[in-house]
Structure formats: structure tokens, C-alpha cells
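> You'll find data17.cif just under this line, and it carries mmCIF, C-alpha atoms and all ligand atoms.
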data_start
loop_
_atom_site.group_PDB
_atom_site.id
_atom_site.type_symbol
_atom_site.label_atom_id
_atom_site.label_comp_id
_atom_site.auth_asym_id
_atom_site.auth_seq_id
_atom_site.Cartn_x
_atom_site.Cartn_y
_atom_site.Cartn_z
ATOM 1 C CA MET A 1 -129.206 5.170 7.118
ATOM 2 C CA GLU A 2 -126.119 6.422 8.925
ATOM 3 C CA LYS A 3 -122.843 6.138 7.053
ATOM 4 C CA GLY A 4 -120.441 3.451 8.282
ATOM 5 C CA ILE A 5 -117.155 4.262 9.984
ATOM 6 C CA PHE A 6 -114.042 2.638 8.540
ATOM 7 C CA ILE A 7 -110.999 2.363 10.833
ATOM 8 C CA THR A 8 -107.805 0.456 10.031
ATOM 9 C CA PHE A 9 -105.085 -0.767 12.388
ATOM 10 C CA GLU A 10 -101.507 -0.693 11.135
ATOM 11 C CA GLY A 11 -98.033 -1.240 12.482
ATOM 12 C CA PRO A 12 -94.870 -3.308 12.256
ATOM 13 C CA ASP A 13 -94.922 -6.942 13.377
ATOM 14 C CA GLY A 14 -95.080 -7.242 17.168
ATOM 15 C CA ALA A 15 -96.721 -3.842 17.745
ATOM 16 C CA GLY A 16 -99.599 -5.648 19.440
ATOM 17 C CA LYS A 17 -102.360 -4.093 17.348
ATOM 18 C CA THR A 18 -104.356 -7.336 17.229
ATOM 19 C CA SER A 19 -104.487 -7.493 21.070
ATOM 20 C CA VAL A 20 -105.406 -3.810 21.206
ATOM 21 C CA LEU A 21 -108.243 -4.423 18.764
ATOM 22 C CA GLN A 22 -109.635 -7.266 20.902
ATOM 23 C CA ASP A 23 -109.482 -5.247 24.141
ATOM 24 C CA LEU A 24 -110.984 -2.206 22.491
ATOM 25 C CA LEU A 25 -114.137 -4.007 21.372
ATOM 26 C CA PRO A 26 -116.096 -4.027 24.660
ATOM 27 C CA GLN A 27 -115.199 -0.371 25.202
ATOM 28 C CA LEU A 28 -116.523 0.666 21.810
ATOM 29 C CA GLU A 29 -119.984 -0.654 22.595
ATOM 30 C CA GLN A 30 -120.805 2.572 24.479
ATOM 31 C CA PHE A 31 -121.140 4.369 21.150
ATOM 32 C CA GLY A 32 -124.143 2.265 20.150
ATOM 33 C CA ARG A 33 -122.939 1.232 16.712
ATOM 34 C CA GLU A 34 -122.907 -2.311 15.460
ATOM 35 C CA ILE A 35 -119.223 -3.342 15.382
ATOM 36 C CA VAL A 36 -117.547 -5.566 12.807
ATOM 37 C CA THR A 37 -113.903 -6.660 12.936
ATOM 38 C CA THR A 38 -111.888 -8.276 10.210
ATOM 39 C CA ARG A 39 -108.320 -8.613 8.961
ATOM 40 C CA GLU A 40 -106.084 -8.603 5.909
ATOM 41 C CA PRO A 41 -104.911 -10.631 4.214
ATOM 42 C CA GLY A 42 -108.105 -12.626 4.760
ATOM 43 C CA GLY A 43 -111.435 -11.833 6.343
ATOM 44 C CA VAL A 44 -113.480 -13.854 3.818
ATOM 45 C CA ALA A 45 -113.035 -17.410 2.506
ATOM 46 C CA ILE A 46 -111.315 -16.635 -0.810
ATOM 47 C CA ALA A 47 -108.960 -14.132 0.805
ATOM 48 C CA GLU A 48 -108.181 -16.526 3.681
ATOM 49 C CA SER A 49 -107.137 -19.109 1.068
ATOM 50 C CA ILE A 50 -104.848 -16.534 -0.530
ATOM 51 C CA ARG A 51 -103.475 -15.723 2.947
ATOM 52 C CA LYS A 52 -102.409 -19.343 3.425
ATOM 53 C CA VAL A 53 -100.405 -19.220 0.207
ATOM 54 C CA ILE A 54 -98.768 -15.887 1.079
ATOM 55 C CA LEU A 55 -97.775 -16.716 4.645
ATOM 56 C CA ASP A 56 -96.800 -20.371 4.220
ATOM 57 C CA PRO A 57 -93.167 -20.629 5.452
ATOM 58 C CA GLN A 58 -92.618 -23.293 2.751
ATOM 59 C CA ASN A 59 -93.146 -20.744 -0.012
ATOM 60 C CA ILE A 60 -89.623 -19.349 0.018
ATOM 61 C CA ALA A 61 -89.610 -19.242 -3.799
ATOM 62 C CA MET A 62 -92.271 -16.507 -3.860
ATOM 63 C CA ASP A 63 -91.305 -13.529 -5.998
ATOM 64 C CA ASP A 64 -91.859 -10.055 -4.487
ATOM 65 C CA LYS A 65 -94.261 -8.990 -7.239
ATOM 66 C CA THR A 66 -96.234 -12.222 -6.869
ATOM 67 C CA GLU A 67 -96.477 -11.486 -3.154
ATOM 68 C CA LEU A 68 -97.765 -7.962 -3.815
ATOM 69 C CA LEU A 69 -100.352 -9.164 -6.335
ATOM 70 C CA LEU A 70 -101.643 -11.802 -3.916
ATOM 71 C CA TYR A 71 -102.142 -9.210 -1.158
ATOM 72 C CA ILE A 72 -103.923 -6.994 -3.672
ATOM 73 C CA ALA A 73 -106.151 -9.849 -4.897
ATOM 74 C CA ALA A 74 -107.066 -10.745 -1.320
ATOM 75 C CA ARG A 75 -107.849 -7.060 -0.654
ATOM 76 C CA ARG A 76 -110.218 -6.797 -3.601
ATOM 77 C CA GLN A 77 -112.252 -9.801 -2.529
ATOM 78 C CA HIS A 78 -112.327 -8.620 1.085
ATOM 79 C CA LEU A 79 -113.496 -5.178 -0.001
ATOM 80 C CA LYS A 80 -116.386 -6.532 -2.062
ATOM 81 C CA GLU A 81 -117.570 -9.162 0.375
ATOM 82 C CA ARG A 82 -116.875 -7.527 3.711
ATOM 83 C CA ILE A 83 -115.858 -3.888 3.766
ATOM 84 C CA LEU A 84 -118.423 -2.357 1.413
ATOM 85 C CA PRO A 85 -121.425 -4.261 2.836
ATOM 86 C CA ALA A 86 -120.441 -3.243 6.397
ATOM 87 C CA LEU A 87 -120.154 0.406 5.440
ATOM 88 C CA GLU A 88 -123.486 0.290 3.597
ATOM 89 C CA LYS A 89 -125.121 -1.033 6.763
ATOM 90 C CA GLY A 90 -123.683 1.883 8.764
ATOM 91 C CA GLN A 91 -121.495 -0.357 10.904
ATOM 92 C CA LEU A 92 -118.346 0.546 12.809
ATOM 93 C CA LEU A 93 -115.760 -1.446 10.898
ATOM 94 C CA LEU A 94 -112.326 -2.235 12.344
ATOM 95 C CA VAL A 95 -109.824 -3.760 9.950
ATOM 96 C CA ASP A 96 -106.479 -5.241 11.048
ATOM 97 C CA ARG A 97 -104.164 -4.106 8.186
ATOM 98 C CA PHE A 98 -105.149 -2.571 4.835
ATOM 99 C CA ILE A 99 -103.576 -0.467 2.031
ATOM 100 C CA ASP A 100 -100.759 0.972 4.165
ATOM 101 C CA SER A 101 -99.383 -2.527 4.841
ATOM 102 C CA SER A 102 -98.727 -2.972 1.120
ATOM 103 C CA VAL A 103 -96.965 0.391 0.936
ATOM 104 C CA ALA A 104 -94.855 -0.296 4.054
ATOM 105 C CA TYR A 105 -94.032 -3.989 3.464
ATOM 106 C CA GLN A 106 -93.981 -4.436 -0.313
ATOM 107 C CA GLY A 107 -92.940 -0.845 -1.063
ATOM 108 C CA PHE A 108 -90.469 0.208 1.627
ATOM 109 C CA GLY A 109 -89.698 -3.335 2.816
ATOM 110 C CA ARG A 110 -89.291 -5.167 -0.472
ATOM 111 C CA GLY A 111 -88.337 -2.114 -2.525
ATOM 112 C CA LEU A 112 -91.134 -2.344 -5.094
ATOM 113 C CA ASN A 113 -92.140 0.832 -6.907
ATOM 114 C CA ALA A 114 -94.337 3.120 -4.783
ATOM 115 C CA ALA A 115 -96.401 4.431 -7.712
ATOM 116 C CA ASP A 116 -97.210 0.863 -8.825
ATOM 117 C CA ILE A 117 -98.406 -0.003 -5.334
ATOM 118 C CA ASP A 118 -100.556 3.127 -5.098
ATOM 119 C CA TRP A 119 -102.090 2.270 -8.445
ATOM 120 C CA LEU A 120 -102.745 -1.356 -7.473
ATOM 121 C CA ASN A 121 -104.245 -0.319 -4.132
ATOM 122 C CA ASP A 122 -106.566 2.100 -5.932
ATOM 123 C CA PHE A 123 -107.476 -0.560 -8.461
ATOM 124 C CA ALA A 124 -108.359 -3.035 -5.704
ATOM 125 C CA THR A 125 -110.316 -0.573 -3.563
ATOM 126 C CA ASP A 126 -111.773 1.727 -6.240
ATOM 127 C CA GLY A 127 -110.003 4.480 -4.342
ATOM 128 C CA LEU A 128 -111.680 3.844 -0.993
ATOM 129 C CA LYS A 129 -109.600 5.097 1.939
ATOM 130 C CA PRO A 130 -110.209 4.482 5.652
ATOM 131 C CA ASP A 131 -111.813 7.323 7.647
ATOM 132 C CA LEU A 132 -109.100 6.813 10.247
ATOM 133 C CA THR A 133 -105.920 4.743 10.474
ATOM 134 C CA LEU A 134 -104.394 4.020 13.861
ATOM 135 C CA TYR A 135 -100.686 3.433 13.471
ATOM 136 C CA PHE A 136 -99.161 1.477 16.368
ATOM 137 C CA ASP A 137 -95.535 2.412 16.560
ATOM 138 C CA ILE A 138 -92.863 0.234 18.129
ATOM 139 C CA ASN A 139 -89.146 -0.010 17.513
ATOM 140 C CA VAL A 140 -88.014 -3.086 15.643
ATOM 141 C CA GLU A 141 -86.045 -4.643 18.501
ATOM 142 C CA GLU A 142 -88.971 -4.479 20.916
ATOM 143 C CA GLY A 143 -91.441 -5.687 18.251
ATOM 144 C CA LEU A 144 -89.355 -8.741 17.410
ATOM 145 C CA ALA A 145 -88.757 -9.464 21.106
ATOM 146 C CA ARG A 146 -92.541 -9.480 21.655
ATOM 147 C CA ILE A 147 -93.036 -11.946 18.810
ATOM 148 C CA ALA A 148 -90.334 -14.194 20.271
ATOM 149 C CA ARG A 149 -92.057 -14.112 23.697
ATOM 150 C CA ASN A 150 -95.485 -14.918 22.244
ATOM 151 C CA LYS A 151 -95.340 -18.696 22.068
ATOM 152 C CA ASP A 152 -98.949 -19.052 20.836
ATOM 153 C CA ARG A 153 -98.149 -17.305 17.606
ATOM 154 C CA ASP A 154 -97.147 -19.426 14.608
ATOM 155 C CA VAL A 155 -94.104 -18.089 12.816
ATOM 156 C CA ASP A 156 -95.121 -17.038 9.290
ATOM 157 C CA ARG A 157 -93.034 -16.303 6.195
ATOM 158 C CA LEU A 158 -92.959 -12.559 6.891
ATOM 159 C CA ASP A 159 -91.808 -13.030 10.493
ATOM 160 C CA MET A 160 -88.756 -14.852 9.149
ATOM 161 C CA GLU A 161 -87.538 -11.697 7.387
ATOM 162 C CA THR A 162 -84.349 -9.909 8.381
ATOM 163 C CA VAL A 163 -84.124 -7.123 10.954
ATOM 164 C CA ASP A 164 -83.239 -4.803 8.062
ATOM 165 C CA MET A 165 -86.525 -5.532 6.333
ATOM 166 C CA HIS A 166 -88.481 -4.849 9.542
ATOM 167 C CA GLU A 167 -86.535 -1.605 9.971
ATOM 168 C CA ARG A 168 -87.465 -0.480 6.446
ATOM 169 C CA VAL A 169 -91.113 -1.350 7.114
ATOM 170 C CA ARG A 170 -91.145 0.837 10.217
ATOM 171 C CA GLN A 171 -89.467 3.722 8.398
ATOM 172 C CA GLY A 172 -92.068 3.213 5.669
ATOM 173 C CA TYR A 173 -94.912 3.646 8.122
ATOM 174 C CA LEU A 174 -93.300 6.773 9.563
ATOM 175 C CA SER A 175 -93.075 8.283 6.115
ATOM 176 C CA ILE A 176 -96.731 7.435 5.281
ATOM 177 C CA LEU A 177 -97.607 9.115 8.586
ATOM 178 C CA GLU A 178 -95.938 12.333 7.442
ATOM 179 C CA LYS A 179 -98.014 12.385 4.255
ATOM 180 C CA GLU A 180 -101.359 11.248 5.662
ATOM 181 C CA VAL A 181 -101.673 13.754 8.473
ATOM 182 C CA GLN A 182 -105.476 13.837 8.424
ATOM 183 C CA ARG A 183 -106.155 10.134 8.128
ATOM 184 C CA MET A 184 -103.390 8.603 10.217
ATOM 185 C CA VAL A 185 -102.730 8.922 13.957
ATOM 186 C CA LYS A 186 -99.644 7.529 15.670
ATOM 187 C CA ILE A 187 -100.019 5.657 18.930
ATOM 188 C CA ASP A 188 -97.066 4.717 21.131
ATOM 189 C CA ALA A 189 -97.323 0.922 21.238
ATOM 190 C CA SER A 190 -94.356 0.512 23.581
ATOM 191 C CA GLN A 191 -96.652 1.433 26.515
ATOM 192 C CA PRO A 192 -98.460 -1.213 28.582
ATOM 193 C CA LEU A 193 -101.454 -2.681 26.712
ATOM 194 C CA GLU A 194 -104.090 -0.799 28.793
ATOM 195 C CA ALA A 195 -102.477 2.534 28.000
ATOM 196 C CA VAL A 196 -102.322 1.731 24.279
ATOM 197 C CA VAL A 197 -106.010 0.724 24.324
ATOM 198 C CA ALA A 198 -106.924 3.913 26.204
ATOM 199 C CA ASP A 199 -105.070 6.056 23.652
ATOM 200 C CA ALA A 200 -106.790 4.307 20.745
ATOM 201 C CA LEU A 201 -110.211 4.729 22.365
ATOM 202 C CA ALA A 202 -109.592 8.432 22.990
ATOM 203 C CA VAL A 203 -108.672 9.025 19.335
ATOM 204 C CA ILE A 204 -111.774 7.188 18.050
ATOM 205 C CA LYS A 205 -114.056 8.984 20.504
ATOM 206 C CA LYS A 206 -112.740 12.409 19.611
ATOM 207 C CA ARG A 207 -112.850 11.786 15.862
ATOM 208 C CA PHE A 208 -116.331 10.266 15.549
ATOM 209 C CA PHE A 209 -118.369 10.540 18.712
ATOM 210 C CA GLU A 210 -117.872 14.017 20.142
ATOM 211 C CA GLU A 211 -120.012 17.080 19.461
HETATM 212 P P1 LIG B 301 -100.420 -11.435 10.437
HETATM 213 O O1 LIG B 301 -100.230 -12.747 11.098
HETATM 214 O O2 LIG B 301 -101.788 -10.900 10.278
HETATM 215 O O3 LIG B 301 -99.473 -10.393 11.123
HETATM 216 P P2 LIG B 301 -99.753 -9.335 12.237
HETATM 217 O O4 LIG B 301 -100.361 -10.087 13.394
HETATM 218 O O5 LIG B 301 -98.393 -8.798 12.515
HETATM 219 O O6 LIG B 301 -100.678 -8.346 11.615
HETATM 220 O O7 LIG B 301 -99.689 -11.550 9.026
HETATM 221 C C1 LIG B 301 -99.786 -10.602 8.105
HETATM 222 C C2 LIG B 301 -98.412 -10.355 7.532
HETATM 223 O O8 LIG B 301 -98.587 -9.893 6.203
HETATM 224 C C3 LIG B 301 -97.651 -9.285 8.293
HETATM 225 O O9 LIG B 301 -96.295 -9.650 8.429
HETATM 226 C C4 LIG B 301 -97.732 -8.082 7.371
HETATM 227 C C5 LIG B 301 -97.886 -8.675 6.020
HETATM 228 N N1 LIG B 301 -98.641 -7.860 5.027
HETATM 229 C C6 LIG B 301 -97.964 -7.350 3.929
HETATM 230 O O10 LIG B 301 -96.747 -7.550 3.786
HETATM 231 N N2 LIG B 301 -98.648 -6.635 2.987
HETATM 232 C C7 LIG B 301 -99.997 -6.418 3.077
HETATM 233 O O11 LIG B 301 -100.597 -5.768 2.178
HETATM 234 C C8 LIG B 301 -100.695 -6.951 4.218
HETATM 235 C C9 LIG B 301 -102.180 -6.737 4.370
HETATM 236 C C10 LIG B 301 -99.978 -7.676 5.181
#
Re-express the file's structure as C-alpha cells.


Amino acid sequence: MEKGIFITFEGPDGAGKTSVLQDLLPQLEQFGREIVTTREPGGVAIAESIRKVILDPQNIAMDDKTELLLYIAARRQHLKERILPALEKGQLLLVDRFIDSSVAYQGFGRGLNAADIDWLNDFATDGLKPDLTLYFDINVEEGLARIARNKDRDVDRLDMETVDMHERVRQGYLSILEKEVQRMVKIDASQPLEAVVADALAVIKKRFFEE
């Protein structure tokens, strides 16, 4: 059987990656692979329960290390129940957030130790890395303005963070991008949605479905 293709979507809050993912789906059908989409934290029942605890705006007492460990626990369960089976079936798997979110948010954002996070990510994933990570880049002001305009979106605990925290998260992503030159591709998410979707499609096509 053909090997699965594992693509993750990353970016600061308000980059619009979830909308891009939705609009991309019909356009990916041309490649003839079965497509599966999922998200972190969550994607399977146990991890969705953990997600509720993490994002609950009431949980202001949550310690940064507790937060990290909950994301990691949710990731492990999601990997076992969702990611690995999809890849074994040869599916095209699109995941909204994965290991880089922990590095950007808990590492750069919260200031937890980078080596600890790398170790915990490896522990949770047995070292599995995405084949491709699309990083949707937007400046913090524009990202937060988009969240404010999107009235359908519930405000979660992470959205309530300071502008400084969001700035550190973005700088975190930019520094991961410098290290992960093979795996990670930056897409300008300040463009209109159709242009962002077109850019994402072009990268996927070139990487996996040409020649
Ligand atoms: P979500 O509503 O999925 O946000 P978005 O639509 O912006 O992706 O909430 C996920 C939040 O959790 C988001 O603010 C990023 C954060 N997060 C981390 O801090 N660390 C992680 O490891 C993951 C997966 C997400």
C-alpha cells in the first residue's frame, strides 16, 4: 500500500489556517487520495476532553507546565488513534496544529525550556515528524483584529493572552522556520483567503504530486 502523506497547518491565532484547510479540501480531491482532516488539541474523544480543560476560560489557575503536559497527553492519544492509522491506510492527512504549536506557544510564548519540549514532543510522537508543515504567517495586530471580527468564534483561554505573548509566539514560529527549512514552508496569510488557499495548494502539489 502507498505510504500516507502527513501535512500539518501552523500559525499564530487569527492566521486563518482553519478556513484555508476547509477551502483546500475540495481542491485536493484531484490527487485521488482519501483525505482525512483533524486538529490538535483534540481530534479523538479523549483528546477533545483534554482540550476542554486546556481552553476553558475559567481555568485561569492553570500552571504553564500543566498546560504543556495536557497538550502533550492529548497529542499522544491523537497520534495513536488517528494519525498512525491514517498514515497506515495511505491517506492524505491534514492536521490543524501539531508539535510546532507546543514549541511556539509553550516554549517561546510561555518561556518553558525548549529542550524539555522537544523531548516531550518526541516522547508523545515516538519521533514522528510531518512530511510537510505549512506555516501561515500573519502579524500579531492583524491576527488579533481578525479574531475580534469573527463573532462566531468563542473566546478561549489562549485568545485572552497579552499581545506580548502572541508576539513571542510569532517570533517562535519564525525561528522554527529557520531551522526546519526542508519540512516547513511559509505562506503569507495576510493575503485574501483565495490567494492563501492557492499558495497552499501549489506547495502541496509540487511537493507530493509532481513528477
Ligand atoms: P484553537 O481554537 O484550535 O485555535 P486556532 O483556531 O487558532 O488553531 O485553539 C487551540 C489553541 O491552543 C491555540 O491558541 C494554540 C494553542 N496550542 C498550544 O498552545 N500548544 C499546542 O501544543 C497546541 C496544539 C495548541

> Could you check the closest approach to A:Asp63 for each of A:Ser19, A:Thr125, A:Gln106, A:Thr8 and tell me which residue wins, using only C-alpha atoms?

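Once distances to A:Asp63 are computed over only C-alpha atoms, the minimum belongs to A:Gln106.
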
> Report as number ranges by chain which protein, DNA and RNA residues come within 10 Å of ligand LIG 301 (chain B), using all atoms listed in the file.

A: 9-19, 39-42, 51-52, 54-55, 64, 67-75, 95-107, 109-110, 117, 121, 143, 147, 153-161, 166, 169

> Measuring atom to atom with only C-alpha atoms, identify which of A:Arg207, A:Arg168, A:Arg76, A:Arg149 is nearest to A:Leu134.

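Using only C-alpha atoms, the shortest distance to A:Leu134 belongs to A:Arg207.
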
> For A:Arg33, find every residue with an atom within 10 Å (counting all atoms listed in the file), except residues of its own chain fewer than 6 positions away, and show them as a PyMOL selection string.

chain A and resi 2+4-5+90-93

> (-102.7, 7.7, 12.4) in this file's frame - what residues fall within 12 Å of it? Use all atoms listed in the file and give the answer as a ChimeraX atom specification.

/A:7-11,100,130-137,173-188,199-200,203-204,207

> At what distance in Å, to one decimal, does atom CA of A:Gln191 lie from atom CA of A:Gly32?

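Computing it gives 28.2 Å between the two atoms.
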
> Quick one: pull the distance between atom CA of A:Val20 and atom CA of A:Leu79, Å, one decimal.

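Between these atoms lies a distance of 22.7 Å.
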
> Which residue gives the smallest distance to A:Lys3 among A:Glu210, A:Asp164, A:Glu88, A:Asp126, with all atoms listed in the file counted?

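Looking only at the distances to A:Lys3, the closest residue turns out to be A:Glu88.
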
> Measure the distance from atom CA of A:Asn59 to atom CA of A:Met165 in Å and round it to one decimal.

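Taking atom CA of A:Asn59 as the start and atom CA of A:Met165 as the end point, the length is 17.8 Å.
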
> Check the smallest atom-to-atom distance from each of A:Asp118, A:Gln171, A:Ile50, A:Ser190 to A:Glu142 using only C-alpha atoms, then report the winner.

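Comparing A:Asp118, A:Gln171, A:Ile50, A:Ser190 against A:Glu142, the winner is A:Ser190.
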
> For stretch 34-41 of chain A, take all atoms listed in the file, fit an axis-aligned box around them, add 5 Å to each of the six sides, then output centre and edge lengths in Å rounded to one decimal, as AutoDock Vina command-line options.


--center_x -113.9 --center_y -6.5 --center_z 9.8 --size_x 28.0 --size_y 18.3 --size_z 21.2
